[in-house]
file target.cif (mmCIF, C-alpha atoms)
data_coords
loop_
_atom_site.group_PDB
_atom_site.id
_atom_site.type_symbol
_atom_site.label_atom_id
_atom_site.label_comp_id
_atom_site.auth_asym_id
_atom_site.auth_seq_id
_atom_site.Cartn_x
_atom_site.Cartn_y
_atom_site.Cartn_z
ATOM 1 C CA MET A 1 188.303 -39.030 173.704
ATOM 2 C CA ASN A 2 185.868 -37.008 175.774
ATOM 3 C CA VAL A 3 183.484 -39.736 176.938
ATOM 4 C CA ARG A 4 181.277 -37.319 178.879
ATOM 5 C CA LYS A 5 180.802 -35.134 175.783
ATOM 6 C CA HIS A 6 179.776 -38.097 173.629
ATOM 7 C CA TRP A 7 177.391 -39.393 176.288
ATOM 8 C CA HIS A 8 175.671 -36.022 176.595
ATOM 9 C CA GLU A 9 175.322 -35.807 172.809
ATOM 10 C CA ILE A 10 173.504 -39.149 172.906
ATOM 11 C CA LEU A 11 171.222 -37.910 175.687
ATOM 12 C CA ASP A 12 170.505 -34.543 174.034
ATOM 13 C CA GLN A 13 170.609 -35.262 170.298
ATOM 14 C CA GLY A 14 170.124 -39.026 170.173
ATOM 15 C CA SER A 15 173.492 -39.869 168.572
ATOM 16 C CA THR A 16 177.207 -39.127 168.525
ATOM 17 C CA ILE A 17 180.240 -39.872 166.352
ATOM 18 C CA ILE A 18 183.560 -41.006 167.782
ATOM 19 C CA PRO A 19 186.214 -40.368 165.106
ATOM 20 C CA GLN A 20 188.655 -43.111 164.096
ATOM 21 C CA PHE A 21 187.462 -45.542 166.734
ATOM 22 C CA ILE A 22 188.369 -48.613 164.665
ATOM 23 C CA ASP A 23 191.980 -48.916 163.487
ATOM 24 C CA LYS A 24 192.890 -49.222 159.811
ATOM 25 C CA ARG A 25 194.022 -52.841 160.000
ATOM 26 C CA MET A 26 190.736 -54.001 161.521
ATOM 27 C CA ILE A 27 188.714 -51.959 159.018
ATOM 28 C CA GLU A 28 190.542 -53.620 156.130
ATOM 29 C CA ASP A 29 189.798 -57.020 157.650
ATOM 30 C CA LEU A 30 186.107 -56.169 158.097
ATOM 31 C CA GLN A 31 185.906 -54.801 154.554
ATOM 32 C CA LEU A 32 187.223 -58.100 153.196
ATOM 33 C CA ARG A 33 184.740 -60.121 155.252
ATOM 34 C CA ALA A 34 181.865 -57.874 154.180
ATOM 35 C CA LYS A 35 182.754 -58.149 150.479
ATOM 36 C CA ASP A 36 182.821 -61.931 150.736
ATOM 37 C CA THR A 37 179.453 -62.016 152.521
ATOM 38 C CA LEU A 38 177.816 -59.653 150.014
ATOM 39 C CA HIS A 39 179.239 -61.608 147.082
ATOM 40 C CA LYS A 40 177.368 -64.690 148.312
ATOM 41 C CA LEU A 41 174.021 -62.961 148.825
ATOM 42 C CA SER A 42 171.128 -64.205 146.734
ATOM 43 C CA PRO A 43 169.138 -61.878 144.446
ATOM 44 C CA THR A 44 166.102 -62.806 146.554
ATOM 45 C CA HIS A 45 167.689 -61.290 149.656
ATOM 46 C CA ARG A 46 168.551 -58.078 147.832
ATOM 47 C CA LYS A 47 164.997 -57.812 146.490
ATOM 48 C CA ARG A 48 163.403 -58.491 149.871
ATOM 49 C CA PHE A 49 165.439 -55.725 151.527
ATOM 50 C CA LYS A 50 165.617 -53.331 148.578
ATOM 51 C CA SER A 51 165.249 -50.152 150.651
ATOM 52 C CA THR A 52 167.821 -51.292 153.219
ATOM 53 C CA GLY A 53 170.123 -52.897 150.655
ATOM 54 C CA SER A 54 170.839 -55.976 152.741
ATOM 55 C CA LEU A 55 170.071 -57.229 156.226
ATOM 56 C CA CYS A 56 172.565 -59.982 157.038
ATOM 57 C CA ASN A 57 172.005 -61.140 160.611
ATOM 58 C CA PHE A 58 175.229 -61.926 162.460
ATOM 59 C CA ALA A 59 173.613 -65.137 163.717
ATOM 60 C CA ASP A 60 173.609 -66.326 160.100
ATOM 61 C CA HIS A 61 177.048 -64.853 159.437
ATOM 62 C CA PRO A 62 179.463 -65.846 162.225
ATOM 63 C CA GLU A 63 182.323 -64.304 160.247
ATOM 64 C CA PHE A 64 181.513 -61.204 162.327
ATOM 65 C CA ALA A 65 181.407 -63.015 165.685
ATOM 66 C CA ASP A 66 184.507 -61.334 167.127
ATOM 67 C CA LEU A 67 182.928 -57.912 166.651
ATOM 68 C CA ILE A 68 180.139 -58.698 169.122
ATOM 69 C CA SER A 69 182.229 -58.435 172.298
ATOM 70 C CA HIS A 70 185.064 -56.358 170.902
ATOM 71 C CA PRO A 71 187.024 -55.096 173.935
ATOM 72 C CA LYS A 72 186.831 -51.451 172.827
ATOM 73 C CA PHE A 73 183.027 -51.683 172.707
ATOM 74 C CA MET A 74 182.847 -53.228 176.163
ATOM 75 C CA VAL A 75 185.174 -50.622 177.664
ATOM 76 C CA LEU A 76 183.219 -47.781 176.057
ATOM 77 C CA LEU A 77 179.914 -49.085 177.380
ATOM 78 C CA LYS A 78 181.367 -49.250 180.890
ATOM 79 C CA GLU A 79 182.689 -45.685 180.495
ATOM 80 C CA PHE A 80 179.148 -44.648 179.555
ATOM 81 C CA GLY A 81 178.010 -46.056 182.895
ATOM 82 C CA ALA A 82 176.761 -49.464 181.770
ATOM 83 C CA LYS A 83 176.494 -51.802 184.762
ATOM 84 C CA ASP A 84 175.305 -54.922 182.977
ATOM 85 C CA PRO A 85 175.927 -54.544 179.223
ATOM 86 C CA ARG A 86 174.391 -57.111 176.890
ATOM 87 C CA TRP A 87 174.476 -57.632 173.132
ATOM 88 C CA LEU A 88 171.160 -58.028 171.332
ATOM 89 C CA ALA A 89 171.764 -58.458 167.594
ATOM 90 C CA GLY A 90 173.952 -57.369 164.711
ATOM 91 C CA TYR A 91 173.702 -56.977 160.949
ATOM 92 C CA LEU A 92 175.722 -56.242 157.846
ATOM 93 C CA ILE A 93 173.698 -53.588 156.023
ATOM 94 C CA SER A 94 174.916 -52.563 152.594
ATOM 95 C CA LYS A 95 173.217 -50.328 150.063
ATOM 96 C CA PRO A 96 174.376 -51.196 146.527
ATOM 97 C CA GLY A 97 175.117 -48.623 143.884
ATOM 98 C CA GLY A 98 171.826 -47.195 142.672
ATOM 99 C CA GLY A 99 170.018 -48.354 145.824
ATOM 100 C CA PRO A 100 166.954 -46.336 146.879
ATOM 101 C CA PRO A 101 166.629 -44.345 150.108
ATOM 102 C CA LEU A 102 165.924 -46.040 153.418
ATOM 103 C CA PHE A 103 162.538 -45.194 154.941
ATOM 104 C CA TRP A 104 162.159 -43.074 158.079
ATOM 105 C CA HIS A 105 161.912 -45.252 161.161
ATOM 106 C CA GLN A 106 163.101 -45.782 164.700
ATOM 107 C CA ASP A 107 164.206 -49.115 166.112
ATOM 108 C CA TRP A 108 162.328 -49.177 169.397
ATOM 109 C CA TRP A 109 159.348 -51.477 169.870
ATOM 110 C CA GLY A 110 158.327 -51.132 173.537
ATOM 111 C CA TRP A 111 156.358 -47.896 173.461
ATOM 112 C CA ASP A 112 153.517 -49.406 175.527
ATOM 113 C CA ASN A 113 155.916 -49.571 178.485
ATOM 114 C CA ALA A 114 156.490 -46.435 180.594
ATOM 115 C CA ILE A 115 160.272 -46.964 180.569
ATOM 116 C CA SER A 116 160.267 -45.999 176.875
ATOM 117 C CA TYR A 117 159.826 -42.345 177.815
ATOM 118 C CA GLN A 118 162.832 -42.018 180.128
ATOM 119 C CA SER A 119 165.676 -39.708 179.117
ATOM 120 C CA SER A 120 168.495 -42.262 179.108
ATOM 121 C CA PRO A 121 168.692 -44.896 176.346
ATOM 122 C CA ILE A 122 167.391 -48.394 176.880
ATOM 123 C CA SER A 123 169.325 -49.726 173.907
ATOM 124 C CA LEU A 124 172.065 -48.264 171.716
ATOM 125 C CA PHE A 125 173.125 -49.004 168.169
ATOM 126 C CA PHE A 126 176.815 -49.013 167.277
ATOM 127 C CA MET A 127 177.451 -48.419 163.548
ATOM 128 C CA ILE A 128 180.786 -48.967 161.832
ATOM 129 C CA TYR A 129 180.835 -47.681 158.260
ATOM 130 C CA LEU A 130 183.280 -49.511 156.025
ATOM 131 C CA THR A 131 183.593 -46.637 153.558
ATOM 132 C CA ASP A 132 183.379 -42.864 153.763
ATOM 133 C CA THR A 133 179.716 -41.901 153.495
ATOM 134 C CA THR A 134 177.979 -38.755 152.269
ATOM 135 C CA PRO A 135 174.469 -38.009 150.987
ATOM 136 C CA GLU A 136 175.703 -39.074 147.539
ATOM 137 C CA ASN A 137 176.361 -42.687 148.527
ATOM 138 C CA GLY A 138 173.643 -43.143 151.133
ATOM 139 C CA CYS A 139 174.754 -41.803 154.504
ATOM 140 C CA LEU A 140 172.404 -41.734 157.466
ATOM 141 C CA ARG A 141 169.910 -38.917 157.889
ATOM 142 C CA ALA A 142 168.394 -38.277 161.286
ATOM 143 C CA ILE A 143 166.021 -36.041 163.230
ATOM 144 C CA PRO A 144 168.066 -34.863 166.238
ATOM 145 C CA GLY A 145 166.129 -35.000 169.495
ATOM 146 C CA SER A 146 163.411 -37.296 168.148
ATOM 147 C CA HIS A 147 164.394 -40.053 170.575
ATOM 148 C CA ILE A 148 162.649 -38.180 173.393
ATOM 149 C CA LYS A 149 160.605 -35.479 171.611
ATOM 150 C CA ALA A 150 157.359 -35.989 169.709
ATOM 151 C CA HIS A 151 157.824 -35.397 165.991
ATOM 152 C CA GLU A 152 155.356 -35.517 163.127
ATOM 153 C CA LEU A 153 157.283 -38.389 161.512
ATOM 154 C CA HIS A 154 156.226 -40.540 164.446
ATOM 155 C CA ASP A 155 152.783 -40.503 162.802
ATOM 156 C CA LEU A 156 154.006 -42.449 159.772
ATOM 157 C CA PRO A 157 152.710 -46.044 159.514
ATOM 158 C CA ASP A 158 154.871 -48.851 160.890
ATOM 159 C CA ALA A 159 158.038 -48.569 158.828
ATOM 160 C CA HIS A 160 159.142 -52.194 159.089
ATOM 161 C CA GLY A 161 156.435 -53.620 156.862
ATOM 162 C CA GLU A 162 156.997 -55.379 153.564
ATOM 163 C CA ASN A 163 155.885 -52.521 151.288
ATOM 164 C CA LEU A 164 158.527 -50.084 152.505
ATOM 165 C CA SER A 165 161.276 -52.703 152.514
ATOM 166 C CA LEU A 166 160.443 -53.582 148.915
ATOM 167 C CA TYR A 167 160.349 -49.892 147.877
ATOM 168 C CA LYS A 168 157.008 -50.394 146.150
ATOM 169 C CA ASP A 169 156.013 -46.718 146.113
ATOM 170 C CA PRO A 170 158.918 -44.263 145.707
ATOM 171 C CA ASN A 171 156.507 -41.399 146.450
ATOM 172 C CA ASP A 172 155.645 -42.702 149.897
ATOM 173 C CA PRO A 173 156.329 -39.933 152.469
ATOM 174 C CA ALA A 174 158.416 -42.406 154.474
ATOM 175 C CA TYR A 175 161.233 -41.838 151.936
ATOM 176 C CA ALA A 176 160.810 -38.073 151.585
ATOM 177 C CA ALA A 177 163.188 -35.352 152.749
ATOM 178 C CA HIS A 178 162.189 -33.443 155.875
ATOM 179 C CA ALA A 179 163.073 -29.906 156.951
ATOM 180 C CA ASP A 180 164.303 -31.137 160.355
ATOM 181 C CA GLU A 181 166.689 -33.772 159.015
ATOM 182 C CA ILE A 182 170.464 -33.612 159.167
ATOM 183 C CA SER A 183 172.883 -35.643 157.084
ATOM 184 C CA VAL A 184 175.257 -37.740 159.187
ATOM 185 C CA GLU A 185 178.438 -37.877 157.113
ATOM 186 C CA ILE A 186 181.051 -40.204 158.467
ATOM 187 C CA LYS A 187 184.571 -41.410 157.711
ATOM 188 C CA THR A 188 185.757 -44.999 157.478
ATOM 189 C CA GLY A 189 186.716 -46.167 160.971
ATOM 190 C CA ASP A 190 184.452 -43.729 162.804
ATOM 191 C CA LEU A 191 181.908 -45.141 165.253
ATOM 192 C CA LEU A 192 178.359 -43.804 165.164
ATOM 193 C CA ILE A 193 176.368 -44.486 168.342
ATOM 194 C CA GLY A 194 172.656 -43.795 168.568
ATOM 195 C CA ASP A 195 169.643 -44.234 170.811
ATOM 196 C CA SER A 196 167.387 -46.882 169.259
ATOM 197 C CA ARG A 197 164.432 -44.459 169.596
ATOM 198 C CA LEU A 198 166.013 -41.911 167.224
ATOM 199 C CA LEU A 199 164.141 -41.295 163.973
ATOM 200 C CA HIS A 200 166.508 -41.972 161.097
ATOM 201 C CA GLY A 201 166.735 -43.177 157.512
ATOM 202 C CA ALA A 202 169.342 -43.030 154.759
ATOM 203 C CA TYR A 203 169.770 -41.297 151.431
ATOM 204 C CA ALA A 204 169.784 -43.166 148.143
ATOM 205 C CA ASN A 205 173.137 -44.419 146.898
ATOM 206 C CA SER A 206 173.755 -42.564 143.638
ATOM 207 C CA VAL A 207 177.303 -43.857 143.069
ATOM 208 C CA ASN A 208 178.353 -47.129 141.473
ATOM 209 C CA ALA A 209 179.713 -48.832 144.590
ATOM 210 C CA GLU A 210 178.449 -50.560 147.738
ATOM 211 C CA ARG A 211 177.978 -48.565 150.937
ATOM 212 C CA PRO A 212 178.427 -51.200 153.674
ATOM 213 C CA LEU A 213 178.118 -50.816 157.425
ATOM 214 C CA LEU A 214 178.067 -53.122 160.440
ATOM 215 C CA ILE A 215 175.570 -52.466 163.210
ATOM 216 C CA SER A 216 175.154 -53.994 166.666
ATOM 217 C CA TRP A 217 172.626 -53.224 169.394
ATOM 218 C CA TYR A 218 173.724 -53.121 173.015
ATOM 219 C CA LEU A 219 171.682 -52.921 176.222
ATOM 220 C CA PRO A 220 173.633 -50.933 178.839
ATOM 221 C CA ASN A 221 171.742 -52.037 181.953
ATOM 222 C CA PHE A 222 169.806 -55.196 181.180
ATOM 223 C CA LEU A 223 169.086 -56.392 184.737
ATOM 224 C CA ASP A 224 167.708 -52.965 185.728
ATOM 225 C CA LEU A 225 164.975 -53.213 183.089
ATOM 226 C CA PRO A 226 161.401 -54.302 183.861
ATOM 227 C CA GLU A 227 161.049 -58.059 183.489
ATOM 228 C CA ASP A 228 158.569 -57.805 180.624
ATOM 229 C CA ILE A 229 161.149 -55.755 178.676
ATOM 230 C CA GLN A 230 163.848 -58.297 179.524
ATOM 231 C CA ALA A 231 161.527 -61.032 178.280
ATOM 232 C CA ARG A 232 160.981 -59.223 174.967
ATOM 233 C CA PHE A 233 164.723 -58.665 174.518
ATOM 234 C CA ASN A 234 165.199 -62.381 175.134
ATOM 235 C CA ASP A 235 162.704 -63.175 172.352
ATOM 236 C CA ILE A 236 164.356 -60.725 169.942
ATOM 237 C CA TYR A 237 167.767 -62.218 170.664
ATOM 238 C CA LEU A 238 166.308 -65.673 169.940
ATOM 239 C CA ARG A 239 164.622 -64.263 166.795
ATOM 240 C CA LYS A 240 161.106 -65.086 167.971
ATOM 241 C CA GLY A 241 158.402 -63.072 166.227
ATOM 242 C CA LEU A 242 160.873 -60.542 164.833
ATOM 243 C CA ASP A 243 159.222 -58.585 162.012
ATOM 244 C CA VAL A 244 162.372 -58.441 159.858
ATOM 245 C CA ASP A 245 162.535 -62.256 160.066
ATOM 246 C CA ALA A 246 158.974 -62.676 158.791
ATOM 247 C CA GLY A 247 158.640 -65.964 156.936
ATOM 248 C CA GLU A 248 161.797 -67.488 158.417
ATOM 249 C CA VAL A 249 161.355 -70.981 159.838
ATOM 250 C CA ALA A 250 163.370 -71.630 163.013
ATOM 251 C CA PRO A 251 166.070 -69.063 162.190
ATOM 252 C CA THR A 252 169.593 -69.627 163.467
ATOM 253 C CA THR A 253 170.562 -67.838 166.674
ATOM 254 C CA THR A 254 173.954 -67.375 168.275
ATOM 255 C CA GLU A 255 172.797 -69.914 170.871
ATOM 256 C CA ASP A 256 173.222 -72.483 168.069
ATOM 257 C CA TRP A 257 176.866 -71.592 167.520
ATOM 258 C CA PRO A 258 179.675 -74.014 168.467
ATOM 259 C CA ALA A 259 181.760 -73.201 171.529
ATOM 260 C CA GLU A 260 184.628 -71.597 169.583
ATOM 261 C CA LEU A 261 182.176 -68.998 168.246
ATOM 262 C CA TYR A 262 179.815 -68.734 171.199
ATOM 263 C CA LYS A 263 182.670 -67.527 173.389
ATOM 264 C CA TYR A 264 182.171 -64.082 171.827
ATOM 265 C CA VAL A 265 178.572 -63.972 173.108
ATOM 266 C CA GLU A 266 178.860 -65.818 176.387
ATOM 267 C CA GLY A 267 178.052 -63.617 179.367
ATOM 268 C CA ILE A 268 176.543 -60.783 177.336
ATOM 269 C CA ALA A 269 173.521 -62.513 175.776
ATOM 270 C CA PRO A 270 170.220 -61.022 177.058
ATOM 271 C CA LEU A 271 168.830 -64.330 178.273
ATOM 272 C CA TYR A 272 165.809 -64.163 180.568
ATOM 273 C CA THR A 273 164.626 -67.157 182.575
ATOM 274 C CA GLY A 274 161.793 -65.543 184.546
ATOM 275 C CA LYS A 275 158.061 -65.955 184.020
ATOM 276 C CA ALA A 276 157.060 -62.461 182.859
ATOM 277 C CA THR A 277 155.095 -62.136 179.625
ATOM 278 C CA PRO A 278 157.062 -60.135 177.037
ATOM 279 C CA THR A 279 155.908 -56.530 176.761
ATOM 280 C CA PRO A 280 153.567 -56.050 173.769
ATOM 281 C CA TRP A 281 155.228 -55.380 170.413
ATOM 282 C CA CYS A 282 154.596 -51.671 169.738
ATOM 283 C CA ARG A 283 156.676 -49.545 167.360
ATOM 284 C CA ARG A 284 154.574 -46.364 167.643
ATOM 285 C CA PRO A 285 155.047 -44.000 170.601
ATOM 286 C CA ASN A 286 152.334 -42.238 172.548
ATOM 287 C CA MET A 287 153.371 -38.702 171.627
ATOM 288 C CA ASP A 288 151.460 -37.262 174.589
ATOM 289 C CA LEU A 289 154.044 -38.944 176.831
ATOM 290 C CA MET A 290 157.037 -37.535 174.933
ATOM 291 C CA GLN A 291 158.558 -34.101 175.314
ATOM 292 C CA PRO A 292 157.035 -31.517 172.928
ATOM 293 C CA TRP A 293 158.809 -30.684 169.700
ATOM 294 C CA PRO A 294 160.338 -27.155 169.836
ATOM 295 C CA ILE A 295 158.264 -24.489 168.127
ATOM 296 C CA LYS A 296 160.325 -22.704 165.480
ATOM 297 C CA GLN A 297 160.592 -18.956 165.813
ATOM 298 C CA HIS A 298 159.880 -17.228 162.500
ATOM 299 C CA LYS A 299 161.609 -13.940 161.853
#
call {"tool": "encode", "arguments": {"input": "target.cif", "output": "structure tokens"}}
result
Amino acid sequence: MNVRKHWHEILDQGSTIIPQFIDKRMIEDLQLRAKDTLHKLSPTHRKRFKSTGSLCNFADHPEFADLISHPKFMVLLKEFGAKDPRWLAGYLISKPGGGPPLFWHQDWWGWDNAISYQSSPISLFFMIYLTDTTPENGCLRAIPGSHIKAHELHDLPDAHGENLSLYKDPNDPAYAAHADEISVEIKTGDLLIGDSRLLHGAYANSVNAERPLLISWYLPNFLDLPEDIQARFNDIYLRKGLDVDAGEVAPTTTEDWPAELYKYVEGIAPLYTGKATPTPWCRRPNMDLMQPWPIKQHK
């Protein structure tokens, strides 16, 4: 594996794919766990996250605990130059057969802080798809370069609101195709890594089968971050004021896990004990502070 190549793809394009990163035996184990989890989901959960398909927080589903600090993830982060890697959160996301497209969005929330406009990622998502994915069954679509370059899709309203999650208006431009998008097709066992600032969505699932994936967010250099960013990460980890947890009362966190489970989180939780006020919650970038979007040359 050419680590340098993958790292530069993340810096330049906002994402990279490492083929066959997870071995077949582990994939089969994860597939079984995911099927069991999805089988137990309530219709209410599926309705609430209709556009996503599901949003099963690992804190509520410790059957995925060992994935959090998987040795291959930790080694890869160190090879990417991480000095103090931390784990933030993880989810099982699965779009059922017939599920609608996922709205355009990016997963960064600290755009009021100057660090948001640096070239290197502040947080990374690691995605493991548990089935081969194509546009037909709801693979990712992304706008390469949008993690650092201003794009017109940044002007869309906050994408994490209830209306988009519930897929109330299929004609909303947040679901529409865009000329700059690419489809991110991926094979079972591949690892997709992306900058949390990257604009992305997913196609509808037009086949009669689930399209499950497991996602975790990692913070490569937690202690180098401004304290107000550390404080906000701490709150997100503890599920305080998280928009996707709206309506939850005292949600479970991994800090509530018993010792035999917490061992997978110990030492890599983004806990902050300082006195800084968390940076304001802001999901919309100041496009004047981003790099300009390339002007297309028309022949």
call {"tool": "residues_near_point", "arguments": {"input": "target.cif", "point": "(180.1, -46.0, 179.2)", "cutoff": "12 Å", "atoms": "all atoms listed in the file", "output": "PDB file with C-alpha atoms, in the coordinates of the input"}}
result
ATOM      1  CA  ASN A   2     185.868 -37.008 175.774  1.00  0.00           C
ATOM      2  CA  VAL A   3     183.484 -39.736 176.938  1.00  0.00           C
ATOM      3  CA  ARG A   4     181.277 -37.319 178.879  1.00  0.00           C
ATOM      4  CA  LYS A   5     180.802 -35.134 175.783  1.00  0.00           C
ATOM      5  CA  HIS A   6     179.776 -38.097 173.629  1.00  0.00           C
ATOM      6  CA  TRP A   7     177.391 -39.393 176.288  1.00  0.00           C
ATOM      7  CA  HIS A   8     175.671 -36.022 176.595  1.00  0.00           C
ATOM      8  CA  ILE A  10     173.504 -39.149 172.906  1.00  0.00           C
ATOM      9  CA  LYS A  72     186.831 -51.451 172.827  1.00  0.00           C
ATOM     10  CA  PHE A  73     183.027 -51.683 172.707  1.00  0.00           C
ATOM     11  CA  MET A  74     182.847 -53.228 176.163  1.00  0.00           C
ATOM     12  CA  VAL A  75     185.174 -50.622 177.664  1.00  0.00           C
ATOM     13  CA  LEU A  76     183.219 -47.781 176.057  1.00  0.00           C
ATOM     14  CA  LEU A  77     179.914 -49.085 177.380  1.00  0.00           C
ATOM     15  CA  LYS A  78     181.367 -49.250 180.890  1.00  0.00           C
ATOM     16  CA  GLU A  79     182.689 -45.685 180.495  1.00  0.00           C
ATOM     17  CA  PHE A  80     179.148 -44.648 179.555  1.00  0.00           C
ATOM     18  CA  GLY A  81     178.010 -46.056 182.895  1.00  0.00           C
ATOM     19  CA  ALA A  82     176.761 -49.464 181.770  1.00  0.00           C
ATOM     20  CA  LYS A  83     176.494 -51.802 184.762  1.00  0.00           C
ATOM     21  CA  ASP A  84     175.305 -54.922 182.977  1.00  0.00           C
ATOM     22  CA  PRO A  85     175.927 -54.544 179.223  1.00  0.00           C
ATOM     23  CA  PRO A 121     168.692 -44.896 176.346  1.00  0.00           C
ATOM     24  CA  LEU A 124     172.065 -48.264 171.716  1.00  0.00           C
ATOM     25  CA  ILE A 193     176.368 -44.486 168.342  1.00  0.00           C
ATOM     26  CA  TYR A 218     173.724 -53.121 173.015  1.00  0.00           C
ATOM     27  CA  LEU A 219     171.682 -52.921 176.222  1.00  0.00           C
ATOM     28  CA  PRO A 220     173.633 -50.933 178.839  1.00  0.00           C
ATOM     29  CA  ASN A 221     171.742 -52.037 181.953  1.00  0.00           C
TER      30      ASN A 221
END
call {"tool": "residues_around", "arguments": {"input": "target.cif", "residues": "His151 of chain A", "least_positions_apart": "4", "cutoff": "10 Å", "atoms": "all atoms listed in the file", "output": "ChimeraX atom specification"}}
result
/A:143,145-147,155,180,199,287,290-294
call {"tool": "closest_residue", "arguments": {"input": "target.cif", "among": "A:Leu191, A:Leu140, A:Leu30, A:Ile268", "to": "Thr52 of chain A", "atoms": "only C-alpha atoms"}}
result
A:Leu140
call {"tool": "closest_residue", "arguments": {"input": "target.cif", "among": "A:Arg283, A:Arg86, A:His39, A:His45", "to": "Trp217 of chain A", "atoms": "only C-alpha atoms"}}
result
A:Arg86
call {"tool": "axis_aligned_box", "arguments": {"input": "target.cif", "around": "segment 100-112 of chain A", "padding_each_side": "3 Å", "output": "AutoDock Vina command-line options"}}
result
--center_x 160.2 --center_y -47.3 --center_z 161.2 --size_x 19.4 --size_y 14.4 --size_z 34.6
call {"tool": "closest_atom_pairs", "arguments": {"input": "target.cif", "of": "segment 179-201 of chain A", "to": "segment 99-115 of chain A", "cutoff": "9 Å", "atoms": "all atoms listed in the file", "output": "tab-separated table"}}
result
residue	atom	partner	partner_atom	distance
A:Asp195	CA	A:Asp107	CA	8.7
A:Ser196	CA	A:Asp107	CA	5.0
A:Arg197	CA	A:Trp108	CA	5.2
A:Leu198	CA	A:Gln106	CA	5.5
A:Leu199	CA	A:Gln106	CA	4.7
A:His200	CA	A:Trp104	CA	5.4
A:Gly201	CA	A:Trp104	CA	4.6
call {"tool": "closest_residue", "arguments": {"input": "target.cif", "among": "A:Phe49, A:Tyr117, A:Phe125, A:Tyr203", "to": "Ile93 of chain A", "atoms": "only C-alpha atoms"}}
result
A:Phe49
call {"tool": "resolve_selection", "arguments": {"input": "target.cif", "expression": "the PyMOL selection byres ((chain A and resi 204) around 12)", "output": "number ranges by chain"}}
result
A: 50-53, 94-103, 133-141, 167, 170, 175-177, 201-203, 205-211
call {"tool": "residues_around", "arguments": {"input": "target.cif", "residues": "Met127 of chain A", "least_positions_apart": "6", "cutoff": "9 Å", "atoms": "all atoms listed in the file", "output": "MDAnalysis selection string"}}
result
chainID A and resid 190:194 213:217
call {"tool": "atom_distance", "arguments": {"input": "target.cif", "atom1": "atom CA of Asn171 of chain A", "atom2": "atom CA of Lys149 of chain A"}}
result
26.2 Å
call {"tool": "closest_residue", "arguments": {"input": "target.cif", "among": "A:Asn286, A:Gln118, A:Thr37, A:Ser165", "to": "Leu225 of chain A", "atoms": "only C-alpha atoms"}}
result
A:Gln118
call {"tool": "atom_distance", "arguments": {"input": "target.cif", "atom1": "atom CA of Asn163 of chain A", "atom2": "atom CA of Gly241 of chain A"}}
result
18.5 Å
call {"tool": "closest_residue", "arguments": {"input": "target.cif", "among": "A:Cys56, A:Gln13, A:Cys282, A:Thr277", "to": "Ser120 of chain A", "atoms": "all atoms listed in the file"}}
result
A:Gln13
call {"tool": "closest_residue", "arguments": {"input": "target.cif", "among": "A:Leu166, A:Tyr129, A:Ser119, A:Leu92", "to": "Asp36 of chain A", "atoms": "all atoms listed in the file"}}
result
A:Leu92
call {"tool": "residues_around", "arguments": {"input": "target.cif", "residues": "Asp60 of chain A", "least_positions_apart": "6", "cutoff": "9 Å", "atoms": "only C-alpha atoms", "output": "list in words"}}
result
Pro251, Thr252, Thr253 and Thr254 of chain A
call {"tool": "atom_distance", "arguments": {"input": "target.cif", "atom1": "atom CA of His178 of chain A", "atom2": "atom CA of Gly14 of chain A"}}
result
17.3 Å
call {"tool": "residues_around", "arguments": {"input": "target.cif", "residues": "Asp228 of chain A", "least_positions_apart": "3", "cutoff": "10 Å", "atoms": "only C-alpha atoms", "output": "list of chain:residue names"}}
result
A:Gly110, A:Asn113, A:Leu225, A:Ala231, A:Arg232, A:Phe233, A:Asn234, A:Tyr272, A:Gly274, A:Lys275, A:Ala276, A:Thr277, A:Pro278, A:Thr279, A:Pro280
call {"tool": "residues_near_point", "arguments": {"input": "target.cif", "point": "(185.0, -47.6, 156.4)", "cutoff": "8 Å", "atoms": "all atoms listed in the file", "output": "PDB file with C-alpha atoms, in the coordinates of the input"}}
result
ATOM      1  CA  ILE A  27     188.714 -51.959 159.018  1.00  0.00           C
ATOM      2  CA  GLN A  31     185.906 -54.801 154.554  1.00  0.00           C
ATOM      3  CA  ILE A 128     180.786 -48.967 161.832  1.00  0.00           C
ATOM      4  CA  TYR A 129     180.835 -47.681 158.260  1.00  0.00           C
ATOM      5  CA  LEU A 130     183.280 -49.511 156.025  1.00  0.00           C
ATOM      6  CA  THR A 131     183.593 -46.637 153.558  1.00  0.00           C
ATOM      7  CA  ASP A 132     183.379 -42.864 153.763  1.00  0.00           C
ATOM      8  CA  LYS A 187     184.571 -41.410 157.711  1.00  0.00           C
ATOM      9  CA  THR A 188     185.757 -44.999 157.478  1.00  0.00           C
ATOM     10  CA  GLY A 189     186.716 -46.167 160.971  1.00  0.00           C
ATOM     11  CA  ASP A 190     184.452 -43.729 162.804  1.00  0.00           C
ATOM     12  CA  PRO A 212     178.427 -51.200 153.674  1.00  0.00           C
ATOM     13  CA  LEU A 213     178.118 -50.816 157.425  1.00  0.00           C
TER      14      LEU A 213
END
